[in-house]
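S.K.: The structure file work-v2.txt (compact mmCIF, C-alpha atoms) is provided below.
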```
# COMPACT_ATOMS: atom_id res chain seq x y z
CA MET A 1134 0.00 0.00 0.00
CA ARG A 1135 1.43 3.38 -0.94
CA MET A 1136 0.44 6.63 0.69
CA ARG A 1137 0.47 10.23 -0.44
CA ALA A 1138 3.16 12.50 0.98
CA THR A 1139 1.77 15.59 2.70
CA VAL A 1140 2.34 18.79 0.73
CA VAL A 1141 0.34 21.99 1.14
CA ALA A 1142 0.08 24.38 -1.81
CA VAL A 1143 2.93 22.85 -3.81
CA SER A 1144 3.73 23.53 -7.44
CA GLY A 1145 4.85 21.52 -10.42
CA ALA A 1146 7.87 19.30 -9.90
CA LEU A 1147 7.80 19.87 -6.15
CA ALA A 1148 4.99 17.33 -6.13
CA LEU A 1149 7.36 14.75 -7.63
CA SER A 1150 9.01 14.43 -4.22
CA ALA A 1151 5.89 12.72 -2.89
CA LEU A 1152 7.08 9.33 -1.67
CA ALA A 1153 5.30 6.01 -1.74
CA VAL A 1154 6.01 3.68 1.18
CA PRO A 1155 4.57 0.38 2.31
CA ALA A 1156 2.08 0.41 5.16
CA ALA A 1157 1.09 -2.39 7.49
CA GLN A 1158 -2.01 -4.13 6.27
CA ALA A 1159 -4.39 -5.16 9.02
CA ASP A 1160 -6.86 -7.07 6.95
CA SER A 1161 -9.16 -9.47 8.78
CA ARG A 1162 -11.39 -9.82 5.69
CA ASP A 1163 -8.59 -10.16 3.16
CA ALA A 1164 -9.60 -7.07 1.18
CA ALA A 1165 -7.39 -6.19 -1.77
CA SER A 1166 -4.53 -3.85 -0.98
CA ILE A 1167 -5.16 -0.17 -1.77
CA ASP A 1168 -2.77 2.15 -3.55
CA LYS A 1169 -3.00 5.79 -2.43
CA PRO A 1170 -1.08 7.68 -5.13
CA SER A 1171 1.06 10.74 -4.77
CA VAL A 1172 -0.37 13.86 -6.35
CA ALA A 1173 2.23 13.60 -9.12
CA GLU A 1174 1.02 10.08 -9.90
CA ARG A 1175 -2.59 11.24 -9.81
CA PHE A 1176 -2.14 14.09 -12.24
CA GLY A 1177 0.74 12.54 -14.20
CA ALA A 1178 4.40 13.38 -13.71
CA SER A 1179 4.50 15.03 -17.13
CA SER A 1180 2.24 17.75 -15.73
CA ALA A 1181 5.06 19.06 -13.52
CA LYS A 1182 6.09 22.52 -14.66
CA SER A 1183 8.60 24.19 -12.39
CA ALA A 1184 10.45 23.39 -9.19
CA PHE A 1185 10.82 27.08 -8.43
CA SER A 1186 7.23 28.31 -8.48
CA THR A 1187 5.96 29.98 -5.32
CA ALA A 1188 2.74 29.33 -3.43
CA ALA A 1189 1.25 32.33 -5.21
CA ASP A 1190 1.57 30.44 -8.50
CA VAL A 1191 -0.54 27.44 -7.53
CA PRO A 1192 -4.32 27.14 -7.85
CA THR A 1193 -6.55 28.24 -5.00
CA VAL A 1194 -9.16 25.78 -3.75
CA SER A 1195 -12.45 26.43 -1.94
CA ASN A 1196 -15.91 24.93 -1.34
CA VAL A 1197 -14.60 21.41 -0.74
CA THR A 1198 -17.77 19.38 -0.13
CA VAL A 1199 -18.22 15.72 0.80
CA ASN A 1200 -21.61 13.97 0.56
CA ALA A 1201 -23.43 17.32 0.45
CA GLY A 1202 -22.06 18.04 3.92
CA LYS A 1203 -23.84 15.06 5.51
CA ASN A 1204 -22.05 12.54 7.73
CA LEU A 1205 -21.18 9.21 6.12
CA VAL A 1206 -23.01 6.48 8.04
CA PHE A 1207 -22.19 2.79 7.55
CA GLY A 1208 -24.04 -0.21 8.89
CA THR A 1209 -22.88 -3.81 8.52
CA THR A 1210 -23.62 -4.22 4.80
CA THR A 1211 -23.54 -0.63 3.58
CA VAL A 1212 -22.22 0.17 0.12
CA LYS A 1213 -22.36 3.90 -0.44
CA THR A 1214 -21.53 6.04 -3.48
CA PHE A 1215 -21.37 9.76 -2.75
CA ASN A 1216 -20.32 12.98 -4.45
CA VAL A 1217 -17.29 15.11 -3.64
CA SER A 1218 -16.57 18.48 -5.19
CA LEU A 1219 -14.46 21.61 -5.01
CA THR A 1220 -13.98 24.96 -6.68
CA ALA A 1221 -10.52 25.80 -8.03
CA THR A 1222 -9.10 28.98 -9.53
CA HIS A 1223 -5.90 29.73 -11.46
CA ALA A 1224 -4.93 32.35 -14.01
CA SER A 1225 -4.47 29.66 -16.68
CA GLY A 1226 -7.69 27.83 -15.80
CA ILE A 1227 -8.22 24.41 -14.19
CA ALA A 1228 -7.41 21.09 -15.87
CA ASP A 1229 -8.22 18.57 -13.11
CA ALA A 1230 -8.98 18.10 -9.41
CA TYR A 1231 -8.70 15.35 -6.83
CA ILE A 1232 -10.42 14.53 -3.52
CA ASP A 1233 -10.08 11.53 -1.24
CA LEU A 1234 -10.80 10.67 2.40
CA TRP A 1235 -8.27 9.00 4.68
CA HIS A 1236 -7.97 8.08 8.36
CA GLY A 1237 -4.84 8.34 10.49
CA THR A 1238 -2.38 10.95 11.70
CA ASP A 1239 0.01 11.09 8.74
CA PRO A 1240 -0.74 10.21 5.10
CA VAL A 1241 2.64 8.52 4.68
CA ASN A 1242 3.50 6.91 8.00
CA ASP A 1243 0.20 6.46 9.83
CA ILE A 1244 -2.86 5.71 7.73
CA ASP A 1245 -5.39 2.94 8.37
CA GLY A 1246 -8.36 3.94 6.21
CA TYR A 1247 -8.72 5.26 2.67
CA PHE A 1248 -11.63 6.17 0.34
CA PRO A 1249 -10.31 6.90 -3.18
CA PRO A 1250 -12.31 8.53 -5.98
CA ASN A 1251 -13.87 6.36 -8.67
CA GLU A 1252 -12.83 8.45 -11.67
CA GLU A 1253 -9.41 8.83 -13.27
CA ALA A 1254 -10.14 12.54 -13.71
CA ALA A 1255 -12.59 14.99 -12.24
CA THR A 1256 -15.42 16.54 -14.23
CA CYS A 1257 -14.51 20.21 -14.16
CA THR A 1258 -16.99 22.78 -15.43
CA ALA A 1259 -15.60 26.22 -16.12
CA VAL A 1260 -17.60 29.10 -14.66
CA SER A 1261 -15.08 31.64 -15.96
CA ALA A 1262 -11.73 31.70 -17.73
CA THR A 1263 -9.96 31.08 -14.41
CA THR A 1264 -12.42 29.17 -12.19
CA SER A 1265 -13.98 25.72 -12.43
CA ASN A 1266 -16.29 23.60 -10.30
CA CYS A 1267 -14.94 20.05 -10.21
CA LYS A 1268 -16.79 16.88 -9.20
CA LEU A 1269 -15.90 13.26 -8.46
CA THR A 1270 -17.62 10.29 -6.84
CA ILE A 1271 -16.37 7.90 -4.16
CA THR A 1272 -17.69 4.42 -3.44
CA ALA A 1273 -17.00 2.86 -0.05
CA SER A 1274 -18.33 -0.20 1.73
CA THR A 1275 -18.26 -1.53 5.25
CA TYR A 1276 -16.85 -4.87 4.14
CA ASP A 1277 -14.00 -3.54 2.01
CA ASN A 1278 -13.06 -0.25 3.65
CA LEU A 1279 -14.03 -0.33 7.33
CA LEU A 1280 -12.28 -3.29 8.92
CA PHE A 1281 -12.05 -1.82 12.43
CA ASN A 1282 -14.42 0.04 14.74
CA SER A 1283 -11.56 2.42 15.52
CA LEU A 1284 -12.01 3.88 12.03
CA ALA A 1285 -15.25 5.57 13.13
CA GLY A 1286 -14.91 9.31 13.65
CA ASN A 1287 -13.28 12.20 11.85
CA TRP A 1288 -11.54 11.42 8.55
CA HIS A 1289 -9.15 13.76 6.76
CA VAL A 1290 -10.13 15.13 3.36
CA THR A 1291 -7.41 15.53 0.73
CA ALA A 1292 -8.02 18.28 -1.83
CA ALA A 1293 -5.89 18.91 -4.91
CA ALA A 1294 -6.15 20.86 -8.15
CA LEU A 1295 -4.13 21.03 -11.36
CA SER A 1296 -3.99 24.18 -13.47
CA ASN A 1297 -3.89 24.20 -17.25
CA ASP A 1298 -0.23 25.22 -17.17
CA GLY A 1299 0.80 22.45 -14.75
CA GLU A 1300 0.70 24.07 -11.34
CA ILE A 1301 -0.48 21.84 -8.49
CA TYR A 1302 -2.21 22.57 -5.20
CA LEU A 1303 -2.37 19.78 -2.62
CA ASN A 1304 -3.54 19.69 0.99
CA ASP A 1305 -3.94 16.31 2.71
CA PHE A 1306 -5.46 18.06 5.73
CA TYR A 1307 -7.89 20.39 3.99
CA LYS A 1308 -10.78 19.53 6.35
CA THR A 1309 -12.33 16.60 8.19
CA HIS A 1310 -15.54 14.67 7.64
CA LYS A 1311 -17.36 12.25 9.94
CA VAL A 1312 -17.55 8.54 9.07
CA GLN A 1313 -19.90 6.94 11.58
CA ARG A 1314 -21.19 3.58 12.75
CA ALA A 1315 -24.93 3.23 12.13
CA ALA A 1316 -27.14 2.94 15.22
CA LYS A 1317 -30.42 1.14 15.93
CA LEU A 1318 -32.89 2.04 18.66
CA THR A 1319 -35.93 0.06 19.82
CA VAL A 1320 -38.80 1.00 22.14
CA ASN A 1321 -41.64 -0.83 23.85
CA ALA A 1322 -44.24 0.89 26.03
CA SER A 1323 -46.43 -1.33 28.23
CA PRO A 1324 -48.98 -2.28 29.33
CA GLU A 1325 -51.19 -1.69 26.31
CA PRO A 1326 -53.93 -0.61 26.81
CA VAL A 1327 -53.44 1.18 30.13
CA ALA A 1328 -55.77 3.03 32.49
CA LYS A 1329 -55.30 6.79 32.79
CA GLY A 1330 -53.09 7.65 35.73
CA LYS A 1331 -51.40 4.27 35.81
CA THR A 1332 -47.69 3.66 35.25
CA ILE A 1333 -46.30 2.95 31.79
CA THR A 1334 -42.92 1.22 31.56
CA VAL A 1335 -40.92 2.22 28.49
CA SER A 1336 -37.98 0.01 27.60
CA GLY A 1337 -35.68 -0.44 24.63
CA LYS A 1338 -32.13 -0.93 23.48
CA LEU A 1339 -29.49 1.17 21.71
CA THR A 1340 -27.09 -0.76 19.48
CA ARG A 1341 -24.61 0.19 16.78
CA ALA A 1342 -22.88 -1.48 13.86
CA ASN A 1343 -19.82 -3.50 14.78
CA TRP A 1344 -17.65 -3.30 11.67
CA GLU A 1345 -15.34 -6.04 12.95
CA THR A 1346 -18.01 -8.70 13.47
CA LEU A 1347 -20.47 -7.36 10.88
CA GLY A 1348 -23.25 -7.46 13.47
CA TYR A 1349 -24.79 -4.99 15.92
CA SER A 1350 -23.51 -4.55 19.48
CA GLY A 1351 -25.04 -2.83 22.50
CA MET A 1352 -23.81 0.68 23.19
CA PRO A 1353 -21.79 1.27 26.38
CA SER A 1354 -23.64 2.33 29.50
CA GLY A 1355 -24.02 6.04 30.18
CA GLN A 1356 -25.12 7.16 26.70
CA SER A 1357 -27.66 10.00 26.79
CA VAL A 1358 -31.05 9.14 25.29
CA VAL A 1359 -34.27 11.16 25.37
CA LEU A 1360 -37.77 9.72 25.80
CA GLN A 1361 -40.28 11.58 23.63
CA PHE A 1362 -44.08 11.51 23.31
CA ARG A 1363 -46.44 12.39 20.46
CA LYS A 1364 -50.20 12.70 20.97
CA LYS A 1365 -52.36 10.49 18.76
CA ASP A 1366 -53.48 13.31 16.43
CA SER A 1367 -50.17 15.22 16.42
CA THR A 1368 -47.18 15.00 14.11
CA THR A 1369 -44.70 16.47 16.60
CA TYR A 1370 -42.77 14.71 19.34
CA SER A 1371 -42.00 16.51 22.62
CA ASN A 1372 -39.28 15.63 25.10
CA VAL A 1373 -40.46 13.83 28.23
CA LYS A 1374 -37.22 13.04 30.04
CA GLY A 1375 -33.59 12.20 29.51
CA ILE A 1376 -32.17 8.86 30.62
CA LYS A 1377 -28.87 6.96 30.30
CA THR A 1378 -28.21 3.59 28.71
CA LEU A 1379 -27.60 0.65 31.02
CA SER A 1380 -25.25 -2.27 30.36
CA GLY A 1381 -25.38 -3.42 26.74
CA GLY A 1382 -27.33 -0.35 25.66
CA ALA A 1383 -30.49 -1.30 27.58
CA LEU A 1384 -33.04 1.45 28.30
CA LYS A 1385 -35.80 1.53 30.89
CA THR A 1386 -37.91 4.25 32.48
CA THR A 1387 -41.49 4.92 33.62
CA VAL A 1388 -44.12 7.60 32.94
CA THR A 1389 -47.72 8.21 34.00
CA ALA A 1390 -50.42 7.45 31.44
CA SER A 1391 -52.38 10.56 30.46
CA THR A 1392 -53.60 10.34 26.85
CA ASP A 1393 -53.37 8.19 23.72
CA GLY A 1394 -50.14 8.57 21.84
CA TYR A 1395 -46.73 7.31 20.76
CA TYR A 1396 -43.57 6.94 22.82
CA ARG A 1397 -40.13 6.76 21.31
CA PHE A 1398 -36.48 7.10 22.28
CA THR A 1399 -34.17 9.43 20.37
CA TYR A 1400 -30.37 9.44 20.35
CA ALA A 1401 -28.39 12.49 19.21
CA GLY A 1402 -25.27 10.51 18.33
CA ILE A 1403 -21.58 11.02 19.10
CA THR A 1404 -18.55 11.49 16.86
CA SER A 1405 -18.22 7.77 16.16
CA THR A 1406 -21.91 6.84 16.11
CA ALA A 1407 -24.82 8.23 14.11
CA ALA A 1408 -28.00 9.74 15.52
CA VAL A 1409 -31.13 7.59 15.44
CA ASN A 1410 -34.83 7.69 16.38
CA ALA A 1411 -36.85 4.67 17.42
CA THR A 1412 -40.15 4.03 15.68
CA GLY A 1413 -42.90 5.28 18.00
CA ASP A 1414 -44.86 2.70 20.03
CA PHE A 1415 -48.57 3.51 20.44
CA VAL A 1416 -50.28 3.31 23.84
CA ASP A 1417 -54.05 3.31 24.18
CA VAL A 1418 -55.00 5.14 27.40
CA GLN A 1419 -58.49 4.26 28.68
```
Since I need it in another form, could you write the structure as structure tokens?
M.R.:
Amino acid sequence: MRMRATVVAVSGALALSALAVPAAQADSRDAASIDKPSVAERFGASSAKSAFSTAADVPTVSNVTVNAGKNLVFGTTTVKTFNVSLTATHASGIADAYIDLWHGTDPVNDIDGYFPPNEEAATCTAVSATTSNCKLTITASTYDNLLFNSLAGNWHVTAAALSNDGEIYLNDFYKTHKVQRAAKLTVNASPEPVAKGKTITVSGKLTRANWETLGYSGMPSGQSVVLQFRKKDSTTYSNVKGIKTLSGGALKTTVTASTDGYYRFTYAGITSTAAVNATGDFVDVQ
């Protein structure tokens, strides 16, 4: 596996110094090895123009967007294709662009996750003589790309652009984007029906995708979950109380029956785990 050397706002032949080094492959599912190219390999070494250009000579990059700004959420069998895009500007115009996502602390020496683009070249649409909007797609799957639960969280976004006269911008740390484990949340309110003024017990469980076992595991105790209620003829849920998960993600609390309606739990999520709402459970109050 080769990884991209980190260069910020480089130009031309400077990008040729990007080194490719082997990385340890921790591969419990025997996925094919992944090659993360240097920017010179991506754009082609022949595109290098000058080893003496300054940062002012390289393209400028803005509006780097991943999945329309939405978190990337993966369950146990998820295969997801999503859009990535950027805007690049250079006096000579823009020839190509590149975006990938990677996980680790250093793109050469410490990388354990990588989402490459599908296309050999970006689709760049000129909006002026100097500026283009460039788009690519990325396909990632739980099985092939997310071998460890430790990969959940903030991933780095690499952004690069190539000008028509061969100048290169590259930033392996342009921004971060969340890649999260999908969550599931159940709820059961009982007894049903129940007499007005009597106690309703609301229970459930919060689990999340375990990328290592390809199943779902209970969340740790102490996760904050909110019990909500929606009257029978309403479309809006209101907060009733906040509770914490017990061992294995179990949830249990009580309320007093007052009127017909639906109870559900809602979980706001954390960096590694996506937000989720349970499907409301109807209680008939008599």
S.K.: Calculated over all atoms listed in the file, which of the candidates A:Lys1374, A:Lys1317, A:Arg1397, A:His1223 has the smallest distance to Ser1261 in chain A?
M.R.: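 Ranked by minimum distance to Ser1261 in chain A, first place goes to A:His1223.
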S.K.: Given the point (-36.3, 3.1, 28.7) in the file's coordinates, find the residues that have an atom at most 12 Å from it, counting only C-alpha atoms, and give them as a ChimeraX atom specification.
M.R.: /A:1318-1323,1333-1339,1357-1361,1373-1379,1382-1388,1396-1399,1411
S.K.: Go ahead and write the residues just picked, C-alpha atoms, as a PDB file, in the coordinates of the input.
M.R.:
```pdb
ATOM      1  CA  LEU A1318     -32.890   2.040  18.660  1.00  0.00           C
ATOM      2  CA  THR A1319     -35.930   0.060  19.820  1.00  0.00           C
ATOM      3  CA  VAL A1320     -38.800   1.000  22.140  1.00  0.00           C
ATOM      4  CA  ASN A1321     -41.640  -0.830  23.850  1.00  0.00           C
ATOM      5  CA  ALA A1322     -44.240   0.890  26.030  1.00  0.00           C
ATOM      6  CA  SER A1323     -46.430  -1.330  28.230  1.00  0.00           C
ATOM      7  CA  ILE A1333     -46.300   2.950  31.790  1.00  0.00           C
ATOM      8  CA  THR A1334     -42.920   1.220  31.560  1.00  0.00           C
ATOM      9  CA  VAL A1335     -40.920   2.220  28.490  1.00  0.00           C
ATOM     10  CA  SER A1336     -37.980   0.010  27.600  1.00  0.00           C
ATOM     11  CA  GLY A1337     -35.680  -0.440  24.630  1.00  0.00           C
ATOM     12  CA  LYS A1338     -32.130  -0.930  23.480  1.00  0.00           C
ATOM     13  CA  LEU A1339     -29.490   1.170  21.710  1.00  0.00           C
ATOM     14  CA  SER A1357     -27.660  10.000  26.790  1.00  0.00           C
ATOM     15  CA  VAL A1358     -31.050   9.140  25.290  1.00  0.00           C
ATOM     16  CA  VAL A1359     -34.270  11.160  25.370  1.00  0.00           C
ATOM     17  CA  LEU A1360     -37.770   9.720  25.800  1.00  0.00           C
ATOM     18  CA  GLN A1361     -40.280  11.580  23.630  1.00  0.00           C
ATOM     19  CA  VAL A1373     -40.460  13.830  28.230  1.00  0.00           C
ATOM     20  CA  LYS A1374     -37.220  13.040  30.040  1.00  0.00           C
ATOM     21  CA  GLY A1375     -33.590  12.200  29.510  1.00  0.00           C
ATOM     22  CA  ILE A1376     -32.170   8.860  30.620  1.00  0.00           C
ATOM     23  CA  LYS A1377     -28.870   6.960  30.300  1.00  0.00           C
ATOM     24  CA  THR A1378     -28.210   3.590  28.710  1.00  0.00           C
ATOM     25  CA  LEU A1379     -27.600   0.650  31.020  1.00  0.00           C
ATOM     26  CA  GLY A1382     -27.330  -0.350  25.660  1.00  0.00           C
ATOM     27  CA  ALA A1383     -30.490  -1.300  27.580  1.00  0.00           C
ATOM     28  CA  LEU A1384     -33.040   1.450  28.300  1.00  0.00           C
ATOM     29  CA  LYS A1385     -35.800   1.530  30.890  1.00  0.00           C
ATOM     30  CA  THR A1386     -37.910   4.250  32.480  1.00  0.00           C
ATOM     31  CA  THR A1387     -41.490   4.920  33.620  1.00  0.00           C
ATOM     32  CA  VAL A1388     -44.120   7.600  32.940  1.00  0.00           C
ATOM     33  CA  TYR A1396     -43.570   6.940  22.820  1.00  0.00           C
ATOM     34  CA  ARG A1397     -40.130   6.760  21.310  1.00  0.00           C
ATOM     35  CA  PHE A1398     -36.480   7.100  22.280  1.00  0.00           C
ATOM     36  CA  THR A1399     -34.170   9.430  20.370  1.00  0.00           C
ATOM     37  CA  ALA A1411     -36.850   4.670  17.420  1.00  0.00           C
TER      38      ALA A1411
END
```
S.K.: Name the closest residue to Gly1202 in chain A among the candidates A:Gln1356, A:Thr1412, A:Ser1265, A:Thr1309; distances are taken between atoms, counting all atoms listed in the file.
M.R.: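 Checking each candidate against Gly1202 in chain A, we get A:Thr1309 as the closest.
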S.K.: For Ala1292 in chain A, please output as a PyMOL selection string all residues within 10 Å (counting only C-alpha atoms; exclusion window: fewer than 3 positions along the same chain).
M.R.: chain A and resi 1141+1172+1194-1195+1197-1198+1217-1219+1230-1234+1289+1302-1308
S.K.: Per residue of range 1315-1357 of chain A within 7 Å of range 1269-1284 of chain A, note the shortest atom pair and the distance in Å to one decimal, counting all atoms listed in the file, and order the rows by chain and increasing residue number, as JSON lines.
M.R.:
```
{"residue": "A:Asn1343", "atom": "CA", "partner": "A:Asn1282", "partner_atom": "CA", "distance": 6.5}
{"residue": "A:Trp1344", "atom": "CA", "partner": "A:Asn1282", "partner_atom": "CA", "distance": 5.6}
{"residue": "A:Glu1345", "atom": "CA", "partner": "A:Phe1281", "partner_atom": "CA", "distance": 5.4}
```
S.K.: With C-alpha atoms retained, could you export that selection as a tab-separated table (two decimals), in the frame of the given file?
M.R.:
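Output contents, as saved in part.tsv:
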```tsv
chain	number	residue	atom	x	y	z
A	1343	ASN	CA	-19.82	-3.50	14.78
A	1344	TRP	CA	-17.65	-3.30	11.67
A	1345	GLU	CA	-15.34	-6.04	12.95
```
S.K.: Hey, can you check how far CA of Asn1297 in chain A sits from CA of Asn1216 in chain A?
M.R.: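 Computing it gives 23.7 Å between the two atoms.
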S.K.: Would you please work out which residue, of A:Ser1380, A:Thr1214, A:Thr1404, A:Thr1346, is nearest to Val1312 in chain A when using only C-alpha atoms?
M.R.: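 Distance minimum relative to Val1312 in chain A lands on A:Thr1404.
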